[in-house]
file input26.pdb (PDB, C-alpha atoms)
ATOM      1  CA  GLU C   1       0.000   0.000   0.000  1.00  0.00           C
ATOM      2  CA  TYR C   2       1.093   3.583  -0.574  1.00  0.00           C
ATOM      3  CA  THR C   3      -0.218   6.207   1.847  1.00  0.00           C
ATOM      4  CA  LEU C   4       0.473   9.764   0.703  1.00  0.00           C
ATOM      5  CA  VAL C   5       0.320  12.529   3.301  1.00  0.00           C
ATOM      6  CA  ASP C   6      -0.436  16.028   2.045  1.00  0.00           C
ATOM      7  CA  ASP C   7       1.173  18.193   4.728  1.00  0.00           C
ATOM      8  CA  GLY C   8      -0.674  21.402   3.921  1.00  0.00           C
ATOM      9  CA  SER C   9       0.729  21.760   0.400  1.00  0.00           C
ATOM     10  CA  THR C  10       0.119  25.049  -1.403  1.00  0.00           C
ATOM     11  CA  ASP C  11       0.756  23.855  -4.963  1.00  0.00           C
ATOM     12  CA  ASN C  12      -1.250  21.366  -7.047  1.00  0.00           C
ATOM     13  CA  SER C  13       0.105  18.267  -5.299  1.00  0.00           C
ATOM     14  CA  ARG C  14      -3.324  17.192  -4.084  1.00  0.00           C
ATOM     15  CA  GLU C  15      -4.824  17.406  -7.590  1.00  0.00           C
ATOM     16  CA  VAL C  16      -1.931  15.427  -9.097  1.00  0.00           C
ATOM     17  CA  ILE C  17      -2.250  12.677  -6.478  1.00  0.00           C
ATOM     18  CA  THR C  18      -6.038  12.551  -6.808  1.00  0.00           C
ATOM     19  CA  SER C  19      -5.689  11.897 -10.529  1.00  0.00           C
ATOM     20  CA  TYR C  20      -3.853   8.651  -9.719  1.00  0.00           C
ATOM     21  CA  LEU C  21      -6.194   7.379  -6.996  1.00  0.00           C
ATOM     22  CA  LYS C  22      -8.887   6.041  -9.346  1.00  0.00           C
ATOM     23  CA  ASN C  23      -6.329   3.924 -11.208  1.00  0.00           C
ATOM     24  CA  ASP C  24      -4.730   2.092  -8.281  1.00  0.00           C
ATOM     25  CA  SER C  25      -6.576   0.887  -5.168  1.00  0.00           C
ATOM     26  CA  ARG C  26      -3.285   0.594  -3.277  1.00  0.00           C
ATOM     27  CA  LEU C  27      -2.991   4.388  -3.118  1.00  0.00           C
ATOM     28  CA  ARG C  28      -4.485   6.425  -0.286  1.00  0.00           C
ATOM     29  CA  LEU C  29      -4.380  10.183   0.246  1.00  0.00           C
ATOM     30  CA  ILE C  30      -4.740  11.809   3.650  1.00  0.00           C
ATOM     31  CA  SER C  31      -4.291  15.490   4.455  1.00  0.00           C
ATOM     32  CA  GLN C  32      -3.380  17.641   7.407  1.00  0.00           C
ATOM     33  CA  PRO C  33      -2.622  21.336   7.961  1.00  0.00           C
ATOM     34  CA  ASN C  34       1.106  21.960   7.654  1.00  0.00           C
ATOM     35  CA  ARG C  35       2.651  20.421  10.788  1.00  0.00           C
ATOM     36  CA  GLY C  36       6.012  19.262   9.495  1.00  0.00           C
ATOM     37  CA  VAL C  37       7.600  16.047   8.353  1.00  0.00           C
ATOM     38  CA  ALA C  38       7.587  14.256  11.729  1.00  0.00           C
ATOM     39  CA  ALA C  39       3.833  14.726  12.162  1.00  0.00           C
ATOM     40  CA  ALA C  40       3.223  13.745   8.535  1.00  0.00           C
ATOM     41  CA  ARG C  41       5.135  10.479   8.943  1.00  0.00           C
ATOM     42  CA  ASN C  42       3.362   9.657  12.190  1.00  0.00           C
ATOM     43  CA  LEU C  43      -0.008  10.304  10.544  1.00  0.00           C
ATOM     44  CA  GLY C  44       0.947   8.084   7.622  1.00  0.00           C
ATOM     45  CA  PHE C  45       1.892   5.296  10.011  1.00  0.00           C
ATOM     46  CA  GLU C  46      -1.400   5.578  11.898  1.00  0.00           C
ATOM     47  CA  ALA C  47      -3.310   5.354   8.604  1.00  0.00           C
ATOM     48  CA  SER C  48      -1.376   2.337   7.346  1.00  0.00           C
ATOM     49  CA  SER C  49      -2.721  -1.193   7.454  1.00  0.00           C
ATOM     50  CA  LYS C  50      -2.176  -2.952  10.785  1.00  0.00           C
ATOM     51  CA  GLU C  51      -1.457  -6.067   8.715  1.00  0.00           C
ATOM     52  CA  SER C  52       1.637  -4.518   7.103  1.00  0.00           C
ATOM     53  CA  LYS C  53       4.938  -6.123   8.063  1.00  0.00           C
ATOM     54  CA  PHE C  54       7.327  -3.414   6.896  1.00  0.00           C
ATOM     55  CA  LEU C  55       7.352   0.396   6.733  1.00  0.00           C
ATOM     56  CA  LEU C  56       9.144   2.783   4.383  1.00  0.00           C
ATOM     57  CA  PHE C  57       8.936   6.528   5.008  1.00  0.00           C
ATOM     58  CA  LEU C  58       9.687   7.944   1.548  1.00  0.00           C
ATOM     59  CA  ASP C  59      10.375  11.662   1.218  1.00  0.00           C
ATOM     60  CA  ALA C  60       8.412  13.259  -1.593  1.00  0.00           C
ATOM     61  CA  ASP C  61      11.432  14.272  -3.663  1.00  0.00           C
ATOM     62  CA  ASP C  62      13.358  10.972  -3.493  1.00  0.00           C
ATOM     63  CA  VAL C  63      13.050   8.028  -5.902  1.00  0.00           C
ATOM     64  CA  LEU C  64      13.276   4.271  -5.309  1.00  0.00           C
ATOM     65  CA  GLU C  65      15.087   2.028  -7.751  1.00  0.00           C
ATOM     66  CA  GLN C  66      12.720  -0.522  -9.263  1.00  0.00           C
ATOM     67  CA  ASP C  67      13.883  -3.476  -7.125  1.00  0.00           C
ATOM     68  CA  MET C  68      14.393  -1.605  -3.842  1.00  0.00           C
ATOM     69  CA  LEU C  69      11.349  -2.922  -1.988  1.00  0.00           C
ATOM     70  CA  LYS C  70      11.900  -6.509  -3.152  1.00  0.00           C
ATOM     71  CA  VAL C  71      15.577  -6.478  -2.138  1.00  0.00           C
ATOM     72  CA  PHE C  72      14.787  -5.151   1.327  1.00  0.00           C
ATOM     73  CA  ALA C  73      11.693  -7.287   1.943  1.00  0.00           C
ATOM     74  CA  ASP C  74      13.632 -10.406   0.927  1.00  0.00           C
ATOM     75  CA  TYR C  75      16.511  -9.362   3.188  1.00  0.00           C
ATOM     76  CA  LEU C  76      14.339  -8.864   6.254  1.00  0.00           C
ATOM     77  CA  GLU C  77      12.442 -12.096   5.550  1.00  0.00           C
ATOM     78  CA  THR C  78      15.733 -14.040   5.542  1.00  0.00           C
ATOM     79  CA  HIS C  79      17.225 -12.157   8.535  1.00  0.00           C
ATOM     80  CA  PRO C  80      14.483 -12.317  11.198  1.00  0.00           C
ATOM     81  CA  ALA C  81      16.714 -10.804  13.909  1.00  0.00           C
ATOM     82  CA  VAL C  82      17.202  -7.631  11.863  1.00  0.00           C
ATOM     83  CA  GLY C  83      14.653  -4.879  12.451  1.00  0.00           C
ATOM     84  CA  LEU C  84      15.889  -2.300   9.944  1.00  0.00           C
ATOM     85  CA  ALA C  85      17.845  -2.548   6.703  1.00  0.00           C
ATOM     86  CA  ARG C  86      19.391   0.431   4.959  1.00  0.00           C
ATOM     87  CA  SER C  87      21.029   0.870   1.569  1.00  0.00           C
ATOM     88  CA  GLU C  88      23.274   3.254  -0.330  1.00  0.00           C
ATOM     89  CA  TYR C  89      21.962   6.095  -2.482  1.00  0.00           C
ATOM     90  CA  ARG C  90      22.989   8.347  -5.333  1.00  0.00           C
ATOM     91  CA  PHE C  91      22.254  12.041  -5.580  1.00  0.00           C
ATOM     92  CA  ILE C  92      20.093  13.521  -8.319  1.00  0.00           C
ATOM     93  CA  ASP C  93      19.229  17.132  -9.083  1.00  0.00           C
ATOM     94  CA  ALA C  94      15.826  18.764  -9.556  1.00  0.00           C
ATOM     95  CA  GLU C  95      15.554  17.293 -13.081  1.00  0.00           C
ATOM     96  CA  GLY C  96      16.572  13.778 -12.009  1.00  0.00           C
ATOM     97  CA  ARG C  97      20.130  13.934 -13.379  1.00  0.00           C
ATOM     98  CA  PHE C  98      22.832  12.182 -11.379  1.00  0.00           C
ATOM     99  CA  ILE C  99      25.194  14.554  -9.571  1.00  0.00           C
ATOM    100  CA  VAL C 100      28.288  14.106  -7.413  1.00  0.00           C
ATOM    101  CA  ARG C 101      28.034  15.593  -3.948  1.00  0.00           C
ATOM    102  CA  SER C 102      30.468  15.027  -1.120  1.00  0.00           C
ATOM    103  CA  GLU C 103      28.929  13.580   2.030  1.00  0.00           C
ATOM    104  CA  SER C 104      30.357  11.542   4.884  1.00  0.00           C
ATOM    105  CA  LYS C 105      28.465   8.257   5.187  1.00  0.00           C
ATOM    106  CA  GLY C 106      30.972   6.129   7.090  1.00  0.00           C
ATOM    107  CA  ARG C 107      29.992   3.644   9.790  1.00  0.00           C
ATOM    108  CA  TYR C 108      32.529   4.157  12.573  1.00  0.00           C
ATOM    109  CA  VAL C 109      33.194   2.107  15.700  1.00  0.00           C
ATOM    110  CA  PRO C 110      35.804   2.454  18.475  1.00  0.00           C
ATOM    111  CA  GLU C 111      39.104   0.625  18.026  1.00  0.00           C
ATOM    112  CA  GLY C 112      41.855   1.034  20.582  1.00  0.00           C
ATOM    113  CA  LEU C 113      42.431   4.744  21.184  1.00  0.00           C
ATOM    114  CA  TRP C 114      40.848   5.741  17.880  1.00  0.00           C
ATOM    115  CA  VAL C 115      38.072   4.632  15.525  1.00  0.00           C
ATOM    116  CA  LYS C 116      37.772   2.485  12.446  1.00  0.00           C
ATOM    117  CA  GLU C 117      35.298   2.420   9.577  1.00  0.00           C
ATOM    118  CA  LEU C 118      33.310  -0.773   9.099  1.00  0.00           C
ATOM    119  CA  PRO C 119      33.850  -2.382   5.667  1.00  0.00           C
ATOM    120  CA  SER C 120      30.965  -2.591   3.207  1.00  0.00           C
ATOM    121  CA  ASP C 121      30.763  -6.388   3.555  1.00  0.00           C
ATOM    122  CA  TRP C 122      30.106  -6.081   7.305  1.00  0.00           C
ATOM    123  CA  PRO C 123      26.335  -5.617   7.555  1.00  0.00           C
ATOM    124  CA  GLU C 124      25.732  -5.073  11.273  1.00  0.00           C
ATOM    125  CA  THR C 125      25.586  -1.398  12.217  1.00  0.00           C
ATOM    126  CA  PRO C 126      25.843  -1.029  16.010  1.00  0.00           C
ATOM    127  CA  PHE C 127      24.270   1.759  18.051  1.00  0.00           C
ATOM    128  CA  VAL C 128      27.591   3.614  18.310  1.00  0.00           C
ATOM    129  CA  SER C 129      27.701   3.930  14.511  1.00  0.00           C
ATOM    130  CA  VAL C 130      24.141   5.242  14.414  1.00  0.00           C
ATOM    131  CA  PHE C 131      25.027   7.686  17.180  1.00  0.00           C
ATOM    132  CA  ASN C 132      27.916   8.944  15.035  1.00  0.00           C
ATOM    133  CA  LEU C 133      25.427   9.892  12.275  1.00  0.00           C
ATOM    134  CA  CYS C 134      26.188   7.210   9.685  1.00  0.00           C
ATOM    135  CA  ALA C 135      23.763   8.716   7.145  1.00  0.00           C
ATOM    136  CA  ILE C 136      20.693   6.578   7.808  1.00  0.00           C
ATOM    137  CA  ILE C 137      17.709   8.459   6.398  1.00  0.00           C
ATOM    138  CA  PRO C 138      14.080   7.350   6.053  1.00  0.00           C
ATOM    139  CA  SER C 139      14.028   7.004   2.254  1.00  0.00           C
ATOM    140  CA  ILE C 140      16.817   4.383   2.245  1.00  0.00           C
ATOM    141  CA  SER C 141      15.489   2.293   5.139  1.00  0.00           C
ATOM    142  CA  LEU C 142      12.920  -0.462   5.536  1.00  0.00           C
ATOM    143  CA  VAL C 143      11.853  -1.079   9.145  1.00  0.00           C
ATOM    144  CA  ARG C 144       9.714  -3.789  10.651  1.00  0.00           C
ATOM    145  CA  ARG C 145       6.355  -2.506  11.811  1.00  0.00           C
ATOM    146  CA  SER C 146       6.713  -4.521  15.023  1.00  0.00           C
ATOM    147  CA  ILE C 147       9.911  -2.608  15.827  1.00  0.00           C
ATOM    148  CA  PHE C 148       8.527   0.818  14.935  1.00  0.00           C
ATOM    149  CA  GLU C 149       5.581   0.134  17.239  1.00  0.00           C
ATOM    150  CA  GLN C 150       8.031  -0.216  20.141  1.00  0.00           C
ATOM    151  CA  THR C 151       9.375   3.322  19.598  1.00  0.00           C
ATOM    152  CA  PRO C 152       7.676   6.655  20.367  1.00  0.00           C
ATOM    153  CA  GLY C 153       7.560   7.339  16.626  1.00  0.00           C
ATOM    154  CA  PHE C 154       8.952  10.548  15.150  1.00  0.00           C
ATOM    155  CA  ASP C 155       9.306  13.211  17.850  1.00  0.00           C
ATOM    156  CA  GLU C 156       7.182  16.105  16.624  1.00  0.00           C
ATOM    157  CA  SER C 157       9.042  18.595  18.830  1.00  0.00           C
ATOM    158  CA  PHE C 158      11.958  18.303  16.392  1.00  0.00           C
ATOM    159  CA  GLY C 159      12.043  20.344  13.228  1.00  0.00           C
ATOM    160  CA  HIS C 160      13.187  18.915   9.912  1.00  0.00           C
ATOM    161  CA  HIS C 161      16.661  17.589  10.202  1.00  0.00           C
ATOM    162  CA  HIS C 162      17.318  15.418  13.252  1.00  0.00           C
ATOM    163  CA  GLU C 163      13.804  14.064  13.723  1.00  0.00           C
ATOM    164  CA  ASP C 164      14.890  10.930  11.857  1.00  0.00           C
ATOM    165  CA  ILE C 165      18.146  10.522  13.797  1.00  0.00           C
ATOM    166  CA  ASP C 166      16.161  10.532  17.046  1.00  0.00           C
ATOM    167  CA  LEU C 167      13.888   7.807  15.668  1.00  0.00           C
ATOM    168  CA  PHE C 168      16.828   5.670  14.515  1.00  0.00           C
ATOM    169  CA  PHE C 169      18.397   5.913  17.986  1.00  0.00           C
ATOM    170  CA  HIS C 170      15.236   4.325  19.374  1.00  0.00           C
ATOM    171  CA  VAL C 171      15.289   1.642  16.667  1.00  0.00           C
ATOM    172  CA  ALA C 172      18.971   0.846  17.266  1.00  0.00           C
ATOM    173  CA  LEU C 173      18.264   0.300  20.959  1.00  0.00           C
ATOM    174  CA  LYS C 174      15.514  -2.216  20.119  1.00  0.00           C
ATOM    175  CA  THR C 175      16.915  -4.271  17.257  1.00  0.00           C
ATOM    176  CA  LYS C 176      19.756  -4.987  14.850  1.00  0.00           C
ATOM    177  CA  ILE C 177      20.348  -2.589  11.971  1.00  0.00           C
ATOM    178  CA  HIS C 178      21.994  -3.970   8.853  1.00  0.00           C
ATOM    179  CA  TYR C 179      23.691  -2.234   5.943  1.00  0.00           C
ATOM    180  CA  VAL C 180      22.922  -3.579   2.460  1.00  0.00           C
ATOM    181  CA  PRO C 181      25.724  -2.417   0.113  1.00  0.00           C
ATOM    182  CA  GLN C 182      23.506  -1.762  -2.891  1.00  0.00           C
ATOM    183  CA  THR C 183      22.505   1.587  -4.361  1.00  0.00           C
ATOM    184  CA  LEU C 184      18.713   1.377  -4.202  1.00  0.00           C
ATOM    185  CA  VAL C 185      17.551   4.995  -3.859  1.00  0.00           C
ATOM    186  CA  ARG C 186      18.001   8.259  -5.724  1.00  0.00           C
ATOM    187  CA  ARG C 187      18.184  11.081  -3.175  1.00  0.00           C
ATOM    188  CA  ARG C 188      17.242  14.439  -4.627  1.00  0.00           C
ATOM    189  CA  PHE C 189      19.215  17.585  -3.868  1.00  0.00           C
ATOM    190  CA  HIS C 190      17.905  20.957  -4.997  1.00  0.00           C
ATOM    191  CA  PRO C 191      17.995  24.532  -3.652  1.00  0.00           C
ATOM    192  CA  GLY C 192      14.297  24.699  -2.748  1.00  0.00           C
ATOM    193  CA  GLN C 193      14.127  21.731  -0.361  1.00  0.00           C
ATOM    194  CA  ASN C 194      13.709  22.073   3.391  1.00  0.00           C
ATOM    195  CA  THR C 195      17.216  20.772   4.062  1.00  0.00           C
ATOM    196  CA  ALA C 196      18.952  22.972   1.473  1.00  0.00           C
ATOM    197  CA  ASP C 197      22.274  24.222   2.799  1.00  0.00           C
ATOM    198  CA  SER C 198      22.052  27.800   4.056  1.00  0.00           C
ATOM    199  CA  PRO C 199      23.213  29.798   7.117  1.00  0.00           C
ATOM    200  CA  ARG C 200      19.664  29.565   8.525  1.00  0.00           C
ATOM    201  CA  PHE C 201      19.500  25.810   8.039  1.00  0.00           C
ATOM    202  CA  ARG C 202      23.001  25.219   9.475  1.00  0.00           C
ATOM    203  CA  GLU C 203      22.088  27.178  12.610  1.00  0.00           C
ATOM    204  CA  PHE C 204      18.807  25.288  12.939  1.00  0.00           C
ATOM    205  CA  ALA C 205      20.646  21.974  12.476  1.00  0.00           C
ATOM    206  CA  ARG C 206      23.090  22.889  15.273  1.00  0.00           C
ATOM    207  CA  GLN C 207      20.160  23.602  17.585  1.00  0.00           C
ATOM    208  CA  GLN C 208      18.594  20.253  16.665  1.00  0.00           C
ATOM    209  CA  GLN C 209      21.887  18.405  17.324  1.00  0.00           C
ATOM    210  CA  LYS C 210      22.159  20.053  20.734  1.00  0.00           C
TER     211      LYS C 210
END

call {"tool": "encode", "arguments": {"input": "input26.pdb", "output": "structure tokens"}}
result
Amino acid sequence: EYTLVDDGSTDNSREVITSYLKNDSRLRLISQPNRGVAAARNLGFEASSKESKFLLFLDADDVLEQDMLKVFADYLETHPAVGLARSEYRFIDAEGRFIVRSESKGRYVPEGLWVKELPSDWPETPFVSVFNLCAIIPSISLVRRSIFEQTPGFDESFGHHHEDIDLFFHVALKTKIHYVPQTLVRRRFHPGQNTADSPRFREFARQQQK
């Protein structure tokens, strides 16, 4: 199923989505006044089928590769102790063209007096790596519903940046997180998005980290 949350949009998003609803019964549209991404995700979860086994919180501007859901569902089915699987991603611009953008995504763990980066063929991602911001984001992650139900959900007191990190801390304390070294998502980067780099956003991000 695909539950789309209209978080108080002011463009024609609702009309575009509505045009698809009559063609696919798996689609559902729900709306709320603009309350932010954490509230939108929580509302989407509440509206989802209680029979669903897995959850994916897909940001509106990101794109899944065609086999993403199958790869992750198969992985979690064959690794019952794992509660969340995450993949790699590539950046695209506003028009969907691939772009190169520097970003630290390493999974680091203590070693002696320093740290080391976990190799790509080592799937388990311990809490300490999550705590060191190893670039887990909602669009690249499939989580078991049973695990998400054990967390408080997305903390709506956070603004858009570290609301997902807070959620993944809760997940990492409940279950195993595994890294799947496949590029399964196209993550969009464009100047108009909420997380676009700017002095205002950097200051807000520092407040969220604190």

call {"tool": "closest_residue", "arguments": {"input": "input26.pdb", "among": "C:Leu27, C:Ile140, C:Leu58, C:Ile177", "to": "Arg90 of chain C", "atoms": "all atoms listed in the file"}}
result
C:Ile140

call {"tool": "resolve_selection", "arguments": {"input": "input26.pdb", "expression": "the PyMOL selection byres ((chain C and resi 107-113) around 9)", "output": "number ranges by chain"}}
result
C: 105-106, 114-119, 125-126, 128-130, 132-135

call {"tool": "residues_around", "arguments": {"input": "input26.pdb", "residues": "Val82 of chain C", "least_positions_apart": "6", "cutoff": "7 Å", "atoms": "all atoms listed in the file", "output": "list in words"}}
result
Leu76, Thr175, Lys176, Ile177 and His178 of chain C

call {"tool": "write_last_selection", "arguments": {"input": "input26.pdb", "atoms": "C-alpha atoms", "output": "compact mmCIF listing (two decimals), keeping the file's coordinate frame"}}
result
# COMPACT_ATOMS: atom_id res chain seq x y z
CA LEU C 76 14.34 -8.86 6.25
CA THR C 175 16.92 -4.27 17.26
CA LYS C 176 19.76 -4.99 14.85
CA ILE C 177 20.35 -2.59 11.97
CA HIS C 178 21.99 -3.97 8.85

call {"tool": "closest_residue", "arguments": {"input": "input26.pdb", "among": "C:Phe189, C:Glu163, C:Val180, C:Phe91", "to": "Ala205 of chain C", "atoms": "all atoms listed in the file"}}
result
C:Glu163

call {"tool": "atom_distance", "arguments": {"input": "input26.pdb", "atom1": "atom CA of Gln66 of chain C", "atom2": "atom CA of Thr3 of chain C"}}
result
18.3 Å

call {"tool": "closest_atom_pairs", "arguments": {"input": "input26.pdb", "of": "segment 163-209 of chain C", "to": "segment 68-73 of chain C", "cutoff": "9 Å", "atoms": "only C-alpha atoms", "output": "CSV"}}
result
residue,atom,partner,partner_atom,distance
C:Val180,CA,C:Phe72,CA,8.4
C:Thr183,CA,C:Met68,CA,8.7
C:Leu184,CA,C:Met68,CA,5.3
C:Val185,CA,C:Met68,CA,7.3

call {"tool": "residues_around", "arguments": {"input": "input26.pdb", "residues": "Gln208 of chain C", "least_positions_apart": "2", "cutoff": "7 Å", "atoms": "all atoms listed in the file", "output": "list in words"}}
result
Phe158, His162, Phe204, Ala205, Arg206 and Lys210 of chain C

call {"tool": "residues_around", "arguments": {"input": "input26.pdb", "residues": "Pro152 of chain C", "least_positions_apart": "5", "cutoff": "12 Å", "atoms": "only C-alpha atoms", "output": "PDB file with C-alpha atoms, in the coordinates of the input"}}
result
ATOM      1  CA  ALA C  38       7.587  14.256  11.729  1.00  0.00           C
ATOM      2  CA  ASN C  42       3.362   9.657  12.190  1.00  0.00           C
ATOM      3  CA  PHE C  45       1.892   5.296  10.011  1.00  0.00           C
ATOM      4  CA  ILE C 147       9.911  -2.608  15.827  1.00  0.00           C
ATOM      5  CA  GLU C 163      13.804  14.064  13.723  1.00  0.00           C
ATOM      6  CA  ASP C 164      14.890  10.930  11.857  1.00  0.00           C
ATOM      7  CA  ASP C 166      16.161  10.532  17.046  1.00  0.00           C
ATOM      8  CA  LEU C 167      13.888   7.807  15.668  1.00  0.00           C
ATOM      9  CA  PHE C 168      16.828   5.670  14.515  1.00  0.00           C
ATOM     10  CA  PHE C 169      18.397   5.913  17.986  1.00  0.00           C
ATOM     11  CA  HIS C 170      15.236   4.325  19.374  1.00  0.00           C
ATOM     12  CA  VAL C 171      15.289   1.642  16.667  1.00  0.00           C
ATOM     13  CA  LYS C 174      15.514  -2.216  20.119  1.00  0.00           C
TER      14      LYS C 174
END

call {"tool": "atom_distance", "arguments": {"input": "input26.pdb", "atom1": "atom CA of Lys50 of chain C", "atom2": "atom CA of Arg86 of chain C"}}
result
22.6 Å

call {"tool": "atom_distance", "arguments": {"input": "input26.pdb", "atom1": "atom CA of Asp62 of chain C", "atom2": "atom CA of Leu84 of chain C"}}
result
19.1 Å

call {"tool": "closest_residue", "arguments": {"input": "input26.pdb", "among": "C:Asp7, C:Glu77, C:Glu124, C:Asp67", "to": "Ala39 of chain C", "atoms": "all atoms listed in the file"}}
result
C:Asp7

call {"tool": "axis_aligned_box", "arguments": {"input": "input26.pdb", "around": "segment 15-33 of chain C", "padding_each_side": "5 Å", "output": "JSON"}}
result
{"center_x": -5.4, "center_y": 11.0, "center_z": -1.6, "size_x": 17.0, "size_y": 30.7, "size_z": 29.2}

call {"tool": "closest_residue", "arguments": {"input": "input26.pdb", "among": "C:Ser141, C:Asp6, C:Leu173, C:Arg26", "to": "Ser49 of chain C", "atoms": "all atoms listed in the file"}}
result
C:Arg26

call {"tool": "residues_around", "arguments": {"input": "input26.pdb", "residues": "Pro33 of chain C", "least_positions_apart": "4", "cutoff": "12 Å", "atoms": "only C-alpha atoms", "output": "number ranges by chain"}}
result
C: 5-10, 37, 39-40, 43

call {"tool": "closest_residue", "arguments": {"input": "input26.pdb", "among": "C:Arg41, C:Gln207, C:Gln182, C:Glu15", "to": "Asp59 of chain C", "atoms": "all atoms listed in the file"}}
result
C:Arg41

call {"tool": "closest_residue", "arguments": {"input": "input26.pdb", "among": "C:Tyr89, C:Trp122, C:Phe148, C:Phe131", "to": "Arg188 of chain C", "atoms": "all atoms listed in the file"}}
result
C:Tyr89

call {"tool": "decode", "arguments": {"input": "input26.pdb", "residues": "segment 82-88 of chain C", "atoms": "all heavy atoms", "output": "PDB file, in the first residue's frame"}}
result
ATOM      1  N   VAL C  82      16.921  -9.001  12.293  1.00  0.00           N
ATOM      2  CA  VAL C  82      17.202  -7.631  11.863  1.00  0.00           C
ATOM      3  C   VAL C  82      15.894  -6.857  11.795  1.00  0.00           C
ATOM      4  O   VAL C  82      14.930  -7.298  11.169  1.00  0.00           O
ATOM      5  CB  VAL C  82      17.909  -7.628  10.491  1.00  0.00           C
ATOM      6  CG1 VAL C  82      18.130  -6.204   9.989  1.00  0.00           C
ATOM      7  CG2 VAL C  82      19.244  -8.372  10.582  1.00  0.00           C
ATOM      8  N   GLY C  83      15.873  -5.685  12.429  1.00  0.00           N
ATOM      9  CA  GLY C  83      14.653  -4.879  12.451  1.00  0.00           C
ATOM     10  C   GLY C  83      14.631  -3.745  11.455  1.00  0.00           C
ATOM     11  O   GLY C  83      13.563  -3.207  11.144  1.00  0.00           O
ATOM     12  N   LEU C  84      15.805  -3.373  10.941  1.00  0.00           N
ATOM     13  CA  LEU C  84      15.889  -2.300   9.944  1.00  0.00           C
ATOM     14  C   LEU C  84      17.042  -2.579   9.008  1.00  0.00           C
ATOM     15  O   LEU C  84      18.145  -2.940   9.458  1.00  0.00           O
ATOM     16  CB  LEU C  84      16.070  -0.937  10.620  1.00  0.00           C
ATOM     17  CG  LEU C  84      16.118   0.293   9.708  1.00  0.00           C
ATOM     18  CD1 LEU C  84      15.489   1.517  10.397  1.00  0.00           C
ATOM     19  CD2 LEU C  84      17.550   0.649   9.279  1.00  0.00           C
ATOM     20  N   ALA C  85      16.794  -2.429   7.717  1.00  0.00           N
ATOM     21  CA  ALA C  85      17.845  -2.548   6.703  1.00  0.00           C
ATOM     22  C   ALA C  85      17.950  -1.228   5.961  1.00  0.00           C
ATOM     23  O   ALA C  85      16.936  -0.589   5.671  1.00  0.00           O
ATOM     24  CB  ALA C  85      17.523  -3.682   5.728  1.00  0.00           C
ATOM     25  N   ARG C  86      19.171  -0.821   5.665  1.00  0.00           N
ATOM     26  CA  ARG C  86      19.391   0.431   4.959  1.00  0.00           C
ATOM     27  C   ARG C  86      20.360   0.208   3.801  1.00  0.00           C
ATOM     28  O   ARG C  86      21.183  -0.703   3.824  1.00  0.00           O
ATOM     29  CB  ARG C  86      19.965   1.501   5.885  1.00  0.00           C
ATOM     30  CG  ARG C  86      21.251   1.068   6.563  1.00  0.00           C
ATOM     31  CD  ARG C  86      22.193   2.208   6.858  1.00  0.00           C
ATOM     32  NE  ARG C  86      22.737   2.816   5.667  1.00  0.00           N
ATOM     33  CZ  ARG C  86      23.896   3.479   5.643  1.00  0.00           C
ATOM     34  NH1 ARG C  86      24.633   3.588   6.740  1.00  0.00           N
ATOM     35  NH2 ARG C  86      24.328   4.020   4.532  1.00  0.00           N
ATOM     36  N   SER C  87      20.224   1.048   2.780  1.00  0.00           N
ATOM     37  CA  SER C  87      21.029   0.870   1.569  1.00  0.00           C
ATOM     38  C   SER C  87      21.895   2.098   1.324  1.00  0.00           C
ATOM     39  O   SER C  87      21.943   3.041   2.115  1.00  0.00           O
ATOM     40  CB  SER C  87      20.106   0.653   0.364  1.00  0.00           C
ATOM     41  OG  SER C  87      19.455   1.877   0.030  1.00  0.00           O
ATOM     42  N   GLU C  88      22.561   2.086   0.174  1.00  0.00           N
ATOM     43  CA  GLU C  88      23.274   3.254  -0.330  1.00  0.00           C
ATOM     44  C   GLU C  88      22.341   4.053  -1.220  1.00  0.00           C
ATOM     45  O   GLU C  88      21.267   3.587  -1.615  1.00  0.00           O
ATOM     46  CB  GLU C  88      24.507   2.831  -1.120  1.00  0.00           C
ATOM     47  CG  GLU C  88      25.712   2.491  -0.259  1.00  0.00           C
ATOM     48  CD  GLU C  88      26.292   3.708   0.454  1.00  0.00           C
ATOM     49  OE1 GLU C  88      25.879   4.853   0.146  1.00  0.00           O
ATOM     50  OE2 GLU C  88      27.144   3.512   1.332  1.00  0.00           O
TER      51      GLU C  88
END
